[in-house]
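These notes are about the structure you will find just below.
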Amino acid sequence: MRDAQPKTIFLKDYQVPDFLIEKTDLYFSLDEDKSVVTATLSLRRNPAATDQTAALVLHGQELVLLTVSIDGQALSDADYHCSSDSLTIQKVPDSFVLQCMTEIKPQENTSLEGLYKSNTMYCTQCEAEGFRKITYYLDRPDVMSVFTTTVEADKERYPVLLSNGNNVASGDKDNGRHWVKWDDPFKKPAYLFALVAGDLEYTEDHFTTQSGDDVTLRIFVEPKDLDKCAHAMSSLINSMRWDEDVYGREYDLSIFNIVAVDDFNMGAMENKSLNIFNTSCVLAKPETTTDAGFQRVEGVVAHEYFHNWSGNRVTCRDWFQLSLKEGFTVYRDAEFSADMGSRTVKRVEDVSLLRTVQFAEDGGPMAHPVRPESFMEISNFYTVTIYEKGAEVVRMIANLLGPEDFRKGTDLYFDRHDGQAVTCEDFVKAMEDAAGIDLTQFRRWYSQAGTPRVAVEGVYDAAAQSYSLTVEQHCPATPGQEQKQPFHIPMAMALLGQDGALPLHLDNTANAGLEMVVDITQARQTFVFNQVKEKPVPSLLRGFSAPVKLSFDYSRDDLLFLMSNDSDGFIRWDASQQLGVQVLNEMIAALQKGEEPTVDPRLITAYRSILQDESLDKAMVALMLKLPSEAYMTEISDDVDVHAIYNARTLARLTIAKQLEQELWQALRNNHCTEEYQPSALQIAQRSLKNTALAYLMLLDTQEALDAAVEQFDHANNMTDVLAAFNVILNSGFGMQKQRVLKLFYERWQHESLVVNQWFMAQAVCSVPGTLEHVKGLMSHPAFDLKNPNKVRALIGAFCGQNAVNFHQRDGAGYRFLADQIIALNSLNPQVASRLLGPLTKWKKYSEASRLLMKAELERIMAEPGLSSDVFEVVSKSLK
Ligand code: ARG
Ligand code: ZN
């Protein structure tokens with residue numbers, strides 16, 4: 001909790017640290033009422049610091065300092081000063097050993113930052129600035145030190161004691177306690193420190209590196225979860241092999257541990273050789289985990305593993321450079337997942353997320369560049385912009401360089417900066433140096449916030465056989481950035497003729513093939529293609545080659561043509577989305593005028609031919625049959641009418657179901673998978689198509705559809721199908737079945753915390769009226785726990801973020817509910833509280849009545865005493 005208004009920290013104020021820490025030796029004595037940490041630090045003045053007489057100022061929060069000494073001499077009260085967030089020692093030698101003994105209470109730490117307890121185990125989360133809640137330290141990523149860590153605890157309760165690096169010694173004490181000493185030979189910043197103590201069991205496997213070294217791989221879990229580790233283990237092994245094959249990166253220690261914990265603010269954490277995971281991102285088995293869950297585990301395991309090079313061996317100089325490791329690592333894990341499963345589906349899913357959530361962030365009060373210039377609370381900047389847009393920026397670089405030069409670039413980057421804490425600029429420079437190209441203008445992707453709008457116009461001149469594309473780019477203002485310079489936008493494109501792609505002769509040059517990348521660099525420019533034998537349909541931004549909002553005035557027939565003819569799967573899907581947007585917008589307009597909305601029959605025809613197209617990947621069929629989501633429709637409109645969007649979409653879905661009933665039944669029946677469950681691309685595609693069909697059919701309210709859903713709920717052997725059936729029954733009008741499945745599902749899975757989260761979520765996102773009251777009721781369900789972030793996200797987060805009609809109910813009760821929860825969570829867990837604020841921060845987008853009610857709730861939060869810096873920053877920026 002802060003005592004004064006939080007300060008804004010600026011990138012431009014960066015200064016190298018005054019001191020360096022050569023060695024860090026930690027001794028943890030863990031006890032039920034309090035734990036004592038003894039830190040012995042070998043410090044010296046940083047020769048690069050400007051002030052060679054500066055006082056030593058260490059970070060520290062919520063610590064009780066017991067003793068402090070320099071080179072063995074205890075300091076007296078007059079020698080140092082403690083504030084709520086620092087320890088200052090005015091006079092220190094140039095090189096010395098500092099020892100601090102501090103007392104902390106992990107069992108009372110509900111922020112889940114620093115050292116805390118999750119169920120019966122102790123664990124840590126230090127990124128970004130949690131280490132300062134463990135001991136006084138220079139808690140900044142450019143201070144890198146080797147660490148030795150001894151953990152001492154009761155042997156019966158905490159048989160497993162883990163930290164970073166290698167286990168080098170252990171022993172028993174005579175009072176029932178034992179200790180283990182760990183040594184991490186790699187220099188690292190404190191944010192990569194980790195410690196775990198608990199009654200855990202593990203599964204073990206091995207990996208032999210390219211160089212022939214053996215690595216022991218262990219996943220530690222609570223005993224009841226031992227049967228859910230296999231998928232994470234195989235994902236880890238696949239990641240290790242992939243990073244060797246694709247990036248030439250080997251693992252560098254003989255041990256790699258993963259620990260699963262129930263209470264965790266984020267997905268997982270890449271601590272050196274001791275990754276700590278939210279149980280939701282590591283545990284998986286077919287009976288309890290959906291296909292999406294399996295894919296998430298694979299992706300997050302890979303992400304954290306890849307950080308060993310992109311993050312740990314080469315780390316960030318300061319937190320403004322967070323995307324250096326996160327954007328790059330997300331790009332790496334996305335490519336890995338694409339290689340493991342379906343490349344097109346992965347791309348479509350990632351673009352969907354970017355275009356709804358990240359574009360919305362870019363258009364809202366928290367908009368920031370991939371490399372922010374300022375922040376109050378760094379925890380607020382673990383955003384889709386840093387992660388997902390950052391990954392798009394790396395993807396553009398990879399595409400600009402091509403695979404060979406990009407690999408040269410990453411080799412150079414890792415080689416040049418191994419063991420260093422560096423900047424985004426260092427990354428770009430390595431790419432330039434390796435490939436011999438100039439990325440000067442491209443760098444604006446790091447410094448300018450906002451989503452560029454790219455308007456394209458095509459003119460065909462039949463006489464000259466030329467086709468010209470005139471492109472205009474413009475980026476709207478974002479907080480603190482009124483004017484933007486033009487971006488370098490690589491636009492992959494093709495020109496499609498009736499019988500396939502046409503050869504591209506840009507500005508009368510030789511045939512560049514059937515697909516090319518044009519570099520948009522100016523506010524307005526024209527590209528002329530010659531020898532174009534017929535009027536083409538342009539295929540623009542293929543593969544979503546840049547994170548922009550592209551507009552081209554396609555007719556519905558053009559879109560239908562792209563949907564069935566483009567060789568780029570992303571474009572086919574995108575065309576189906578654009579068609580969906582046009583149809584829905586027409587219906588929304590009709591609803592708002594009080595007219596009868598109708599569904600353009602061309603949409604139905606298009607869906608029919610997709611359903612009948614045997615050549616299409618089933619996953620693509622499922623994706624293309626989904627209308628643009630409510631979230632996407634919301635993002636692309638300025639004066640959002642939530643209820644009109646919902647009603648138009650519901651009516652369109654019902655019409656589709658009615659008119660394609662036979663085809664949907666066929667899709668349902670033909671995709672029933674009888675083999676043993678595998679999270680393979682093929683099976684996932686089948687289930688996804690089948691369950692999409694089931695959801696449509698249930699809208700018809702027929703006994704036949706209900707029977708199919710109930711049959712699936714009762715007999716499916718995997719959670720994907722069970723949950724799909726559960727969801728559609730909950731959203732239907734069949735009250736008796738609803739009550740039955742709600743009860744059955746809970747009874748069956750009450751001992752599986754992650755499945756109970758799904759049970760909460762399914763109810764929270766239910767679109768039927770009265771859901772808010774139901775959600776409020778569930779908050780007193782014995783399985784709900786406001787201190788557990790997964791539970792909060794499953795119930796409160798899902799209701800407010802994914803159930804627009806109910807959250808935006810007209811009397812504002814949804815907004816009031818959310819504000820109440822944020823106020824409660826502000827003191828328990830500021831990071832979770834701040835993240836939940838998301839839906840309220842978008843208040844300016846909504847029609848007036850909602851807007852005012854939302855704003856009033858933000859003002860109510862703002863007036864609360866004792867706001868955390870996390871919540872303060874988001875609320876105050878939202879109200880500006
Ligand atoms: N570095 C972690 C990851 O991307 C996330 C840590 C998030 N920590 C936080 N305080 N928000 O895998
Ligand atoms: Zn990460």
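By order in the structure tokens, chains are A, B, ...; within a chain, residues start at 1; ligands start at 1, following the order shown.
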For Gly513 of chain A, please output as an MDAnalysis selection string all residues within 10 Å (counting only C-alpha atoms; exclusion window: fewer than 3 positions along the same chain). chainID A and resid 494 501:505 510 516
Restricted to N, CA and C atoms, what would the selected residues look like written as a PDB file, in the first residue's frame?
```pdb
ATOM      1  N   ALA A 494      -0.853 -10.407 -53.061  1.00  0.00           N
ATOM      2  CA  ALA A 494      -0.931 -11.108 -54.349  1.00  0.00           C
ATOM      3  C   ALA A 494      -2.107 -10.497 -55.100  1.00  0.00           C
ATOM      4  N   ALA A 501      -3.492 -16.896 -58.952  1.00  0.00           N
ATOM      5  CA  ALA A 501      -2.707 -15.683 -58.735  1.00  0.00           C
ATOM      6  C   ALA A 501      -2.019 -15.252 -60.028  1.00  0.00           C
ATOM      7  N   LEU A 502      -1.923 -13.938 -60.228  1.00  0.00           N
ATOM      8  CA  LEU A 502      -1.312 -13.381 -61.438  1.00  0.00           C
ATOM      9  C   LEU A 502       0.153 -13.024 -61.150  1.00  0.00           C
ATOM     10  N   PRO A 503       1.018 -13.164 -62.157  1.00  0.00           N
ATOM     11  CA  PRO A 503       2.421 -12.782 -61.971  1.00  0.00           C
ATOM     12  C   PRO A 503       2.535 -11.299 -61.651  1.00  0.00           C
ATOM     13  N   LEU A 504       3.447 -10.960 -60.748  1.00  0.00           N
ATOM     14  CA  LEU A 504       3.555  -9.581 -60.279  1.00  0.00           C
ATOM     15  C   LEU A 504       4.737  -8.871 -60.939  1.00  0.00           C
ATOM     16  N   HIS A 505       4.424  -7.798 -61.648  1.00  0.00           N
ATOM     17  CA  HIS A 505       5.462  -6.972 -62.258  1.00  0.00           C
ATOM     18  C   HIS A 505       5.310  -5.574 -61.671  1.00  0.00           C
ATOM     19  N   ALA A 510      10.804  -7.175 -63.685  1.00  0.00           N
ATOM     20  CA  ALA A 510      10.623  -8.573 -64.052  1.00  0.00           C
ATOM     21  C   ALA A 510       9.626  -9.231 -63.110  1.00  0.00           C
ATOM     22  N   MET A 516       4.331 -11.121 -53.187  1.00  0.00           N
ATOM     23  CA  MET A 516       5.484 -10.305 -52.823  1.00  0.00           C
ATOM     24  C   MET A 516       5.156  -9.434 -51.612  1.00  0.00           C
TER      25      MET A 516
END
```
Please list as a PyMOL selection string every residue within 9 Å of Asp557 of chain A, counting only C-alpha atoms and excluding residues in the same chain fewer than 4 positions away. chain A and resi 561-562+602
At a cut-off of 9 Å, using only C-alpha atoms, what residues contact Gln295 of chain A? Leave out same-chain residues fewer than 3 positions from it and give the result as a list in words.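 Skipping anything fewer than 3 positions along the chain leaves Thr290, Asp291, Ala292, Glu298, Gly299, Val300, Ser337, Gly341 and Pro679 of chain A.
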Taking the chain letters and numbering used in this document, name the residues of segment 626-857 of chain A that DSSP puts in helix (DSSP H, G or I), as a VMD selection string. chain A and resid 630 to 636 642 to 659 661 to 670 681 to 698 703 to 715 719 to 730 735 to 749 753 to 764 771 to 778 789 to 802 804 to 807 813 to 828 830 to 836 838 to 841 843 to 845 848 to 857
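For the residues A:Pro141, A:Gly797, A:Gly198, A:Gly390, ranking by smallest atom-to-atom distance to ligand 2 using only C-alpha atoms and all ligand atoms places A:Gly390 first.
Residues in contact with ligand 2 (atom pairs separated by at most 7 Å; only C-alpha atoms and all ligand atoms) are His303, Glu304, His307, Lys325, Glu326, Thr329 and Val330 of chain A.
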Protein and nucleic residues near ligand 1, 8 Å, only C-alpha atoms and all ligand atoms, as a PyMOL selection string: chain A and resi 113+125-130+265-270+300+303-304+307+326+378-382+387+831
Pick out the residues sitting within 8 Å of Glu630 of chain A, and hand them over as a list in words; count only C-alpha atoms, and ignore anything fewer than 3 positions along from it in its own chain.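 Contacts, in chain order: Met633, Thr634, Ile645, Tyr646, Arg649 and Ala804 of chain A.
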Please dump the current selection as a PDB file, in the first residue's frame; keep N, CA and C atoms.
```pdb
ATOM      1  N   MET A 633     -16.540  -7.186 -32.715  1.00  0.00           N
ATOM      2  CA  MET A 633     -17.523  -6.190 -33.161  1.00  0.00           C
ATOM      3  C   MET A 633     -17.443  -4.935 -32.285  1.00  0.00           C
ATOM      4  N   THR A 634     -17.211  -5.159 -30.994  1.00  0.00           N
ATOM      5  CA  THR A 634     -17.079  -4.034 -30.067  1.00  0.00           C
ATOM      6  C   THR A 634     -15.834  -3.224 -30.399  1.00  0.00           C
ATOM      7  N   ILE A 645     -25.439  -5.527 -30.760  1.00  0.00           N
ATOM      8  CA  ILE A 645     -24.444  -6.485 -31.269  1.00  0.00           C
ATOM      9  C   ILE A 645     -24.865  -7.905 -30.893  1.00  0.00           C
ATOM     10  N   TYR A 646     -25.238  -8.062 -29.634  1.00  0.00           N
ATOM     11  CA  TYR A 646     -25.629  -9.397 -29.173  1.00  0.00           C
ATOM     12  C   TYR A 646     -26.863  -9.898 -29.928  1.00  0.00           C
ATOM     13  N   ARG A 649     -26.151 -10.732 -33.615  1.00  0.00           N
ATOM     14  CA  ARG A 649     -25.348 -11.947 -33.718  1.00  0.00           C
ATOM     15  C   ARG A 649     -26.192 -13.193 -33.412  1.00  0.00           C
ATOM     16  N   ALA A 804     -20.751  -9.809 -22.279  1.00  0.00           N
ATOM     17  CA  ALA A 804     -21.092  -8.401 -22.476  1.00  0.00           C
ATOM     18  C   ALA A 804     -22.551  -8.083 -22.144  1.00  0.00           C
TER      19      ALA A 804
END
```
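Note that DSSP on the backbone gives strand (DSSP E or B) to these residues of segment 499-566 of chain A: Gly500, Ala501, Leu506, Met516, Val517, Val518, Asp519, Ile520, Arg524, Gln525, Thr526, Phe527, Val528, Phe529, Val537, Pro538, Ser539, Leu540, Lys549, Leu550, Ser551 and Phe552 of chain A.
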Resulting file, chosen residues, C-alpha atoms, as a compact mmCIF listing (two decimals), in the first residue's frame:
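File written: result_23.txt
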```txt
# COMPACT_ATOMS: atom_id res chain seq x y z
CA GLY A 500 -5.35 -18.17 -59.81
CA ALA A 501 -2.71 -15.68 -58.73
CA LEU A 506 5.81 -4.03 -59.91
CA MET A 516 5.48 -10.30 -52.82
CA VAL A 517 5.99 -7.90 -49.97
CA VAL A 518 5.59 -4.21 -50.71
CA ASP A 519 7.22 -1.84 -48.26
CA ILE A 520 4.84 0.91 -47.27
CA ARG A 524 0.60 8.00 -49.09
CA GLN A 525 2.09 6.05 -51.95
CA THR A 526 1.08 4.19 -55.08
CA PHE A 527 2.29 0.84 -56.34
CA VAL A 528 1.71 0.15 -60.02
CA PHE A 529 1.63 -3.42 -61.35
CA VAL A 537 -9.05 -9.18 -56.62
CA PRO A 538 -6.14 -8.08 -54.45
CA SER A 539 -5.12 -10.33 -51.59
CA LEU A 540 -3.68 -7.92 -49.03
CA LYS A 549 -6.13 -2.17 -39.54
CA LEU A 550 -6.31 -2.52 -43.29
CA SER A 551 -9.33 -1.39 -45.24
CA PHE A 552 -10.17 -2.12 -48.84
```
Do you have the atom CA of Asp426 of chain A-atom CA of Asp362 of chain A distance handy?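 Here the two named atoms are 25.1 Å from each other.
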Interatomic distance, atom CA of Glu361 of chain A to atom CA of Asn647 of chain A (Å, one decimal): 25.3 Å
One decimal, Å: what's the distance from atom CA of Val351 of chain A over to atom CA of Gln448 of chain A, could you say? 20.1 Å
